[in-house]
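K.L.:
Provided herewith: start11.txt, compact mmCIF, C-alpha atoms.
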# COMPACT_ATOMS: atom_id res chain seq x y z
CA MET K 3 5.23 -0.90 -30.83
CA ARG K 4 5.71 -4.66 -30.94
CA GLU K 5 6.32 -6.42 -27.63
CA GLU K 6 9.75 -7.63 -28.67
CA THR K 7 10.91 -4.03 -29.23
CA MET K 8 9.33 -2.71 -26.04
CA GLU K 9 11.49 -0.41 -23.93
CA HIS K 10 12.63 -1.79 -20.57
CA ALA K 11 11.52 1.53 -19.06
CA ILE K 12 10.51 5.01 -20.18
CA LEU K 13 11.57 7.89 -17.96
CA VAL K 14 9.55 11.09 -18.15
CA HIS K 15 11.80 13.92 -17.05
CA SER K 16 12.48 17.61 -17.60
CA PRO K 17 15.50 19.63 -16.47
CA GLU K 18 12.92 22.10 -15.13
CA TYR K 19 12.05 19.61 -12.38
CA ALA K 20 15.21 20.67 -10.53
CA ASN K 21 13.69 24.11 -9.94
CA TRP K 22 11.06 22.74 -7.53
CA VAL K 23 12.44 24.72 -4.56
CA PHE K 24 10.14 26.52 -2.11
CA ASP K 25 13.23 27.95 -0.41
CA LYS K 26 16.79 26.79 0.23
CA THR K 27 16.05 25.49 3.73
CA HIS K 28 12.86 23.60 2.81
CA PRO K 29 12.96 19.77 2.96
CA THR K 30 11.74 19.54 -0.66
CA GLN K 31 14.58 20.16 -3.11
CA GLY K 32 14.08 19.58 -6.82
CA ARG K 33 17.64 18.50 -7.48
CA ARG K 34 16.65 15.07 -6.14
CA PHE K 35 14.78 14.45 -9.42
CA LEU K 36 17.85 15.31 -11.48
CA HIS K 37 20.15 13.16 -9.34
CA ALA K 38 17.77 10.19 -9.62
CA ARG K 39 17.56 10.65 -13.37
CA ASN K 40 21.35 10.73 -13.68
CA GLN K 41 21.85 7.66 -11.50
CA LEU K 42 19.28 5.66 -13.44
CA MET K 43 20.65 6.59 -16.86
CA LEU K 44 24.22 5.77 -15.82
CA GLU K 45 23.15 2.43 -14.36
CA ALA K 46 21.11 1.62 -17.45
CA GLN K 47 24.10 2.37 -19.65
CA ARG K 48 26.33 0.18 -17.49
CA ARG K 49 23.88 -2.72 -17.62
CA ARG K 50 22.87 -2.15 -21.26
CA LEU K 51 19.23 -1.63 -20.35
CA ASN K 52 16.88 0.28 -22.62
CA VAL K 53 15.72 3.29 -20.63
CA TYR K 54 14.25 5.83 -23.02
CA GLU K 55 13.92 9.40 -21.77
CA ILE K 56 11.15 11.74 -22.89
CA GLU K 57 9.91 15.15 -21.76
CA PRO K 58 6.37 15.59 -20.41
CA ASP K 59 3.62 16.70 -22.73
CA THR K 60 1.50 19.59 -21.49
CA CYS K 61 -1.66 18.56 -19.68
CA SER K 62 -4.86 20.58 -19.96
CA THR K 63 -6.66 22.53 -17.27
CA ASP K 64 -9.54 20.12 -17.77
CA ASP K 65 -7.24 17.32 -16.63
CA LEU K 66 -6.62 19.17 -13.36
CA HIS K 67 -10.35 19.68 -12.95
CA LEU K 68 -10.91 15.91 -12.94
CA VAL K 69 -10.18 15.96 -9.19
CA HIS K 70 -9.52 19.61 -8.26
CA ASP K 71 -11.76 22.60 -7.64
CA MET K 72 -11.74 25.17 -10.46
CA GLY K 73 -11.01 28.09 -8.14
CA TYR K 74 -8.07 26.27 -6.59
CA VAL K 75 -6.62 25.42 -10.01
CA PHE K 76 -6.98 29.07 -11.04
CA ASP K 77 -5.17 30.31 -7.93
CA VAL K 78 -2.20 28.00 -8.50
CA THR K 79 -1.83 28.11 -12.28
CA ILE K 80 -2.84 31.72 -13.03
CA ARG K 81 -2.13 33.63 -9.82
CA GLY K 82 0.82 31.51 -8.74
CA GLU K 83 -0.58 31.35 -5.23
CA CYS K 84 -0.53 28.34 -2.91
CA ASP K 85 -0.29 27.75 0.83
CA GLU K 86 2.87 25.70 0.27
CA TRP K 87 4.92 28.80 -0.60
CA VAL K 88 5.06 32.51 0.18
CA GLY K 89 3.72 35.09 -2.25
CA GLN K 90 3.11 34.69 -5.96
CA ARG K 91 5.34 32.01 -7.49
CA HIS K 92 4.25 31.45 -11.05
CA ASP K 93 7.33 29.29 -11.58
CA LEU K 94 6.16 26.84 -8.93
CA GLY K 95 2.59 26.91 -10.19
CA ASP K 96 3.84 26.00 -13.65
CA LEU K 97 5.99 23.21 -12.23
CA ALA K 98 3.11 21.78 -10.20
CA LYS K 99 1.16 21.48 -13.45
CA MET K 100 4.21 20.03 -15.22
CA PHE K 101 4.43 17.24 -12.64
CA VAL K 102 0.87 16.23 -13.56
CA SER K 103 1.86 16.41 -17.21
CA GLY K 104 4.72 14.02 -16.49
CA THR K 105 2.46 11.46 -14.88
CA LEU K 106 -0.13 11.69 -17.66
CA THR K 107 2.64 11.30 -20.25
CA ALA K 108 3.79 8.19 -18.39
CA LEU K 109 0.23 6.89 -18.42
CA ASP K 110 -0.01 7.47 -22.17
CA VAL K 111 3.09 5.42 -23.00
CA LEU K 112 1.76 2.56 -20.89
CA LEU K 113 -1.63 2.67 -22.58
CA ASP K 114 0.15 2.74 -25.96
CA LYS K 115 2.04 -0.43 -24.94
CA LYS K 116 5.44 1.17 -25.49
CA THR K 117 6.76 -0.18 -22.19
CA LEU K 118 5.74 -2.09 -19.06
CA LEU K 119 7.31 0.55 -16.80
CA ALA K 120 6.90 4.31 -17.05
CA VAL K 121 8.60 6.54 -14.47
CA ASN K 122 7.99 10.10 -13.33
CA TYR K 123 10.10 10.76 -10.26
CA ALA K 124 8.32 14.08 -9.74
CA GLY K 125 4.97 12.30 -9.56
CA ALA K 126 2.81 10.76 -6.82
CA LYS K 127 1.93 13.97 -4.96
CA HIS K 128 -0.31 12.04 -2.62
CA HIS K 129 -1.35 14.63 0.00
CA ALA K 130 -3.02 17.19 -2.30
CA MET K 131 -6.76 17.54 -1.75
CA ARG K 132 -9.57 18.76 -3.97
CA ASP K 133 -9.27 22.44 -3.06
CA TYR K 134 -6.04 22.82 -1.12
CA ALA K 135 -2.41 21.76 -1.06
CA SER K 136 -0.94 19.69 1.72
CA GLY K 137 2.36 18.10 2.67
CA PHE K 138 4.36 19.77 -0.14
CA CYS K 139 1.85 18.36 -2.67
CA VAL K 140 -0.10 20.76 -4.90
CA PHE K 141 -1.91 18.66 -7.53
CA ALA K 142 -2.88 15.02 -7.01
CA ASP K 143 -1.37 13.61 -10.19
CA PHE K 144 -1.99 9.93 -9.33
CA ALA K 145 -5.65 10.65 -8.62
CA ILE K 146 -5.91 12.54 -11.92
CA ALA K 147 -4.22 9.74 -13.87
CA ALA K 148 -6.30 7.02 -12.21
CA THR K 149 -9.53 8.91 -12.90
CA LYS K 150 -8.56 9.37 -16.53
CA ALA K 151 -7.49 5.73 -16.94
CA THR K 152 -10.68 4.32 -15.42
CA ASN K 153 -13.14 6.73 -17.01
CA GLU K 154 -11.68 6.85 -20.51
CA TYR K 155 -9.83 3.53 -20.90
CA ASP K 156 -11.75 1.09 -18.68
CA GLN K 157 -8.68 0.31 -16.58
CA ARG K 158 -8.65 -1.07 -13.04
CA ILE K 159 -5.92 0.67 -11.06
CA ALA K 160 -4.25 -0.66 -7.91
CA ILE K 161 -2.10 1.95 -6.16
CA PHE K 162 0.73 0.84 -3.86
CA ASP K 163 2.01 3.73 -1.75
CA CYS K 164 5.09 3.02 0.36
CA ASP K 165 5.87 6.62 1.25
CA ALA K 166 6.50 7.01 4.99
CA HIS K 167 3.41 9.24 5.21
CA HIS K 168 -0.15 8.11 4.61
CA GLY K 169 -1.41 8.78 1.08
CA ASP K 170 -4.46 10.62 2.36
CA GLY K 171 -5.14 12.77 -0.70
CA THR K 172 -4.96 9.90 -3.15
CA GLU K 173 -7.24 7.81 -0.95
CA MET K 174 -9.79 10.58 -0.39
CA LEU K 175 -10.01 11.66 -4.03
CA LEU K 176 -10.38 8.11 -5.36
CA LYS K 177 -12.49 6.46 -2.68
CA SER K 178 -15.68 6.72 -4.70
CA ASN K 179 -14.10 5.20 -7.81
CA LYS K 180 -14.99 1.51 -7.77
CA ASN K 181 -12.26 0.76 -10.33
CA VAL K 182 -9.44 1.98 -8.09
CA MET K 183 -7.87 0.28 -5.08
CA THR K 184 -5.52 2.24 -2.81
CA TYR K 185 -3.04 0.62 -0.45
CA SER K 186 -0.82 2.75 1.76
CA VAL K 187 1.95 1.47 4.02
CA HIS K 188 3.25 4.25 6.26
CA GLU K 189 4.57 5.13 9.69
CA TYR K 190 2.01 5.33 12.48
CA GLY K 191 1.63 8.66 14.27
CA ILE K 192 3.33 11.11 11.91
CA PHE K 193 1.87 13.58 9.38
CA PRO K 194 -0.91 13.59 8.28
CA GLY K 195 -2.11 11.44 11.18
CA THR K 196 -4.61 9.45 9.11
CA GLY K 197 -4.57 5.94 7.66
CA LEU K 198 -4.94 4.06 10.92
CA LEU K 199 -7.76 1.85 9.63
CA SER K 200 -8.77 0.40 6.28
CA ASP K 201 -12.01 1.18 4.51
CA TRP K 202 -12.66 -2.21 3.00
CA ARG K 203 -15.96 -1.20 1.42
CA ASN K 204 -14.24 1.48 -0.65
CA ARG K 205 -11.12 -0.56 -1.43
CA ALA K 206 -8.91 1.75 0.65
CA TYR K 207 -6.37 -0.38 2.51
CA ASN K 208 -3.98 0.98 5.13
CA PHE K 209 -0.96 -0.67 6.73
CA PRO K 210 0.45 1.56 9.51
CA LEU K 211 3.87 0.59 10.83
CA ALA K 212 5.54 1.24 14.17
CA PRO K 213 8.53 3.61 14.22
CA LYS K 214 11.85 1.86 13.51
CA SER K 215 10.17 -0.71 11.25
CA GLY K 216 12.52 -1.97 8.57
CA ASP K 217 12.73 -4.00 5.39
CA ASP K 218 10.93 -7.05 6.76
CA ALA K 219 7.88 -4.93 7.59
CA LEU K 220 7.95 -3.36 4.13
CA LEU K 221 8.01 -6.80 2.49
CA THR K 222 5.15 -8.00 4.69
CA ALA K 223 3.12 -4.95 3.67
CA THR K 224 3.97 -5.57 0.02
CA GLU K 225 2.71 -9.13 0.33
CA GLY K 226 -0.51 -7.71 1.79
CA PHE K 227 -0.90 -5.50 -1.26
CA LEU K 228 -0.45 -8.46 -3.58
CA LYS K 229 -3.04 -10.42 -1.58
CA ALA K 230 -5.55 -7.56 -1.91
CA CYS K 231 -4.88 -7.47 -5.66
CA GLU K 232 -5.88 -11.13 -6.01
CA GLU K 233 -9.48 -10.14 -5.39
CA PHE K 234 -9.37 -6.73 -7.08
CA GLN K 235 -7.70 -7.96 -10.30
CA PRO K 236 -6.05 -4.73 -11.54
CA THR K 237 -5.12 -4.10 -15.15
CA MET K 238 -2.49 -1.52 -14.20
CA ILE K 239 -0.39 -0.74 -11.11
CA PHE K 240 0.63 2.70 -9.83
CA VAL K 241 3.48 2.84 -7.30
CA ALA K 242 4.10 5.89 -5.10
CA CYS K 243 7.62 5.03 -4.01
CA GLY K 244 8.36 7.60 -1.35
CA ALA K 245 12.02 7.39 -0.35
CA ASP K 246 11.38 8.97 3.05
CA GLY K 247 11.07 5.57 4.71
CA LEU K 248 14.83 5.24 4.27
CA ALA K 249 16.87 5.12 7.45
CA ASP K 250 18.30 8.61 8.20
CA ASP K 251 15.59 10.44 6.26
CA PRO K 252 14.79 13.49 8.45
CA LEU K 253 10.99 13.27 8.10
CA SER K 254 10.31 9.73 9.31
CA ASN K 255 11.51 7.13 11.80
CA LEU K 256 11.37 4.08 9.53
CA MET K 257 14.49 2.06 8.80
CA TYR K 258 14.20 0.83 5.22
CA THR K 259 17.31 0.25 3.11
CA PRO K 260 17.79 0.76 -0.65
CA ASP K 261 17.84 -3.04 -1.01
CA GLY K 262 14.54 -3.21 0.85
CA TYR K 263 12.94 -0.96 -1.71
CA PHE K 264 14.39 -3.04 -4.55
CA ASN K 265 13.05 -6.26 -3.04
CA SER K 266 9.60 -4.77 -2.49
CA MET K 267 9.38 -3.56 -6.08
CA ARG K 268 10.74 -6.84 -7.41
CA LEU K 269 8.04 -8.72 -5.52
CA ILE K 270 5.40 -6.61 -7.25
CA ARG K 271 6.95 -7.19 -10.67
CA GLU K 272 7.20 -10.94 -10.08
CA GLN K 273 3.50 -11.07 -9.27
CA PHE K 274 2.54 -8.81 -12.18
CA TYR K 275 5.21 -9.67 -14.73
CA ASN K 276 3.12 -8.58 -17.72
CA LEU K 277 1.15 -5.65 -16.24
CA PRO K 278 1.97 -2.00 -16.99
CA ILE K 279 3.33 -0.13 -13.96
CA LEU K 280 3.57 3.62 -13.40
CA LEU K 281 6.17 4.71 -10.84
CA GLY K 282 6.12 8.08 -9.07
CA GLY K 283 8.68 9.31 -6.55
CA ALA K 284 6.43 10.85 -3.86
CA GLY K 285 8.55 12.03 -0.87
CA GLY K 286 12.22 11.75 -0.02
CA TYR K 287 14.36 14.28 1.82
CA LEU K 288 17.95 13.17 1.31
CA PRO K 289 18.20 14.87 -2.09
CA ASP K 290 21.88 14.27 -2.74
CA THR K 291 22.27 10.75 -1.37
CA GLY K 292 19.58 8.33 -0.26
CA THR K 293 16.55 9.57 -2.16
CA PRO K 294 18.02 9.24 -5.69
CA GLU K 295 19.48 5.85 -4.81
CA VAL K 296 16.11 4.54 -3.61
CA TRP K 297 14.33 5.73 -6.74
CA LYS K 298 16.99 4.18 -8.97
CA ASN K 299 16.72 0.87 -7.08
CA ALA K 300 12.94 0.91 -7.22
CA THR K 301 13.05 1.44 -10.96
CA LEU K 302 15.43 -1.48 -11.44
CA GLY K 303 13.21 -3.67 -9.29
CA LEU K 304 10.17 -2.92 -11.43
CA MET K 305 11.80 -3.52 -14.78
CA ALA K 306 10.38 -6.40 -16.79
CA LEU K 307 11.70 -9.74 -15.60
CA ASN K 308 13.24 -10.60 -18.95
CA THR K 309 15.79 -7.80 -18.42
CA GLU K 310 17.53 -10.10 -15.92
CA VAL K 311 18.16 -7.21 -13.52
CA VAL K 312 20.07 -8.23 -10.42
CA LYS K 313 20.42 -6.27 -7.21
CA PRO K 314 22.41 -3.04 -7.53
Can you present the structure in this file as structure tokens?

P.N.:
Amino acid sequence: MREETMEHAILVHSPEYANWVFDKTHPTQGRRFLHARNQLMLEAQRRRLNVYEIEPDTCSTDDLHLVHDMGYVFDVTIRGECDEWVGQRHDLGDLAKMFVSGTLTALDVLLDKKTLLAVNYAGAKHHAMRDYASGFCVFADFAIAATKATNEYDQRIAIFDCDAHHGDGTEMLLKSNKNVMTYSVHEYGIFPGTGLLSDWRNRAYNFPLAPKSGDDALLTATEGFLKACEEFQPTMIFVACGADGLADDPLSNLMYTPDGYFNSMRLIREQFYNLPILLGGAGGYLPDTGTPEVWKNATLGLMALNTEVVKP
């Protein structure tokens, strides 16, 4: 696809995403993905932006094995068993794999130069480890995509994670990959309790924030990410845009605003105006209100500068 016909953004989405429900009282509710999709498409229509929606292709089991233990993959995808839910839930096992498919589909459209921004709101499951689930995350889709991009396409991936919780799984699974840099900004002292220090040697940067930190702290952390990128020189950016740093989110004590997220993402796009960016939603526990709004704003902030997007 020629650059002048490039989409402003490509959204990878399936109506099945809305079925990501462990139980009705659980903080994770899949309808947040549908609400974010609807908000973005309506806003794009209003602003006459080209947001093209596609469904995820099906990833292979071999893709999951890039970072996950074979026995663990078998338990989730064949048995439907996982510590994150009770009993056998083949529906959730299938969805966990579909979320990886969505992120890999987003990676493909970036590599094919069809857009500078590919979005999978159900992506960026950053707590999943090699052989177990953690923090509502089953498969580490960003780690899988980064491994694939570096091993098969010679990319250099910088990952900016602004979820309120430390991206421990992504960091751990990618630490040995010299072509990946991870950078997590998160609240100090909450789950999973890691990410207090940076591991400079392995390009794993951490930026813990005090409770009640707001937009100014997020922007300072974003500037730190951009500074780290000056030395690393990425060819592609992944963003895990957890909406749980939003004020009033029940699972953190940070005080970000939707505008704060927009400004952070816009700063990244201004620095990397011609680099492909993959956006994943990570966490967010205001499924009907704040979470979809944050993801919509983040998407607008990361759209190519020539779209002339202004603040929502």

K.L.:
Considering all atoms listed in the file, state which residue in the set K:Pro252, K:Pro58, K:Gly32, K:Gly303 is at the smallest distance from Glu272 in chain K.

P.N.:
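For Glu272 in chain K, the nearest of the given residues is K:Gly303.
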
K.L.:
Give me, as a VMD selection string, all polymer residues having an atom no more than 12 Å from Leu112 in chain K, counting all atoms listed in the file and skipping those fewer than 2 positions away in the same chain.

P.N.:
chain K and resid 3 8 to 14 105 to 110 114 to 121 147 151 155 157 237 to 240 276 to 281

K.L.:
Closest to Phe162 in chain K among K:Ser266, K:Thr27, K:Asn179, K:Asn122, using all atoms listed in the file?

P.N.:
K:Ser266

K.L.:
Choose the residue, out of K:Ala135, K:Ala142, K:Ala124, K:Ala130, that has the smallest atom-to-atom separation from His37 in chain K; count only C-alpha atoms.

P.N.:
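For His37 in chain K, the nearest of the given residues is K:Ala124.
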
K.L.:
Any idea what's packed within 7 Å of Thr184 in chain K, counting only C-alpha atoms, ignoring anything in its chain fewer than 5 positions away? Could you give it as a PyMOL selection string?

P.N.:
chain K and resi 160-162+173+205-207

K.L.:
Produce a file of the selected residues containing C-alpha atoms, as an mmCIF file, in the frame of the given file.

P.N.:
data_model
loop_
_atom_site.group_PDB
_atom_site.id
_atom_site.type_symbol
_atom_site.label_atom_id
_atom_site.label_comp_id
_atom_site.auth_asym_id
_atom_site.auth_seq_id
_atom_site.Cartn_x
_atom_site.Cartn_y
_atom_site.Cartn_z
ATOM 1 C CA ALA K 160 -4.250 -0.660 -7.910
ATOM 2 C CA ILE K 161 -2.100 1.950 -6.160
ATOM 3 C CA PHE K 162 0.730 0.840 -3.860
ATOM 4 C CA GLU K 173 -7.240 7.810 -0.950
ATOM 5 C CA ARG K 205 -11.120 -0.560 -1.430
ATOM 6 C CA ALA K 206 -8.910 1.750 0.650
ATOM 7 C CA TYR K 207 -6.370 -0.380 2.510
#

K.L.:
Which residues, written as number ranges by chain, have at least one atom at most 10 Å from Leu288 in chain K, with only C-alpha atoms counted and residues fewer than 6 positions away on the same chain left out?

P.N.:
K: 29-31, 34, 245-246, 248, 250-253, 294-295

K.L.:
How far is it from CA of Glu232 in chain K to CA of Ala148 in chain K, in Å with one decimal?

P.N.:
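Atom-to-atom, CA of Glu232 in chain K and CA of Ala148 in chain K are spaced 19.2 Å apart.
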
K.L.:
For the atom pair CA of Ala223 in chain K and CA of Gln235 in chain K, what is the interatomic distance in Å to one decimal place?

P.N.:
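It comes out at 17.9 Å.
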
K.L.:
What lies within 9 Å of Arg268 in chain K using all atoms listed in the file, ignoring chain neighbours under 6 positions off, as a tab-separated table (two decimals) with C-alpha atoms, keeping the file's coordinate frame?

P.N.:
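Now in out.tsv:
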chain	number	residue	atom	x	y	z
K	300	ALA	CA	12.94	0.91	-7.22
K	302	LEU	CA	15.43	-1.48	-11.44
K	303	GLY	CA	13.21	-3.67	-9.29
K	304	LEU	CA	10.17	-2.92	-11.43
K	305	MET	CA	11.80	-3.52	-14.78
K	307	LEU	CA	11.70	-9.74	-15.60

K.L.:
Could you pull the residues within 10 Å of Gly226 in chain K, counting all atoms listed in the file, minus those fewer than 4 positions along the same chain, as JSON, numbers by chain?

P.N.:
{"K": [185, 187, 207, 208, 209, 220, 221, 222, 230, 231]}

K.L.:
By how many Å are CA of Leu44 in chain K and CA of Lys298 in chain K apart?

P.N.:
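Interatomic distance here is 10.1 Å.
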
K.L.:
Taking into account only C-alpha atoms, which residue in the set K:Phe144, K:Phe76, K:Gly247, K:Val88 is nearest to Gly286 in chain K?

P.N.:
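Closest residue, counting only C-alpha atoms: K:Gly247.
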
K.L.:
Find the residue from K:Ala38, K:Leu211, K:Ala219, K:Gly292 that sits nearest to Tyr123 in chain K; use all atoms listed in the file when measuring.

P.N.:
K:Ala38

K.L.:
Calculated over only C-alpha atoms, which of the candidates K:Val241, K:Val296, K:Val182, K:Met43 has the smallest distance to Phe264 in chain K?

P.N.:
K:Val296
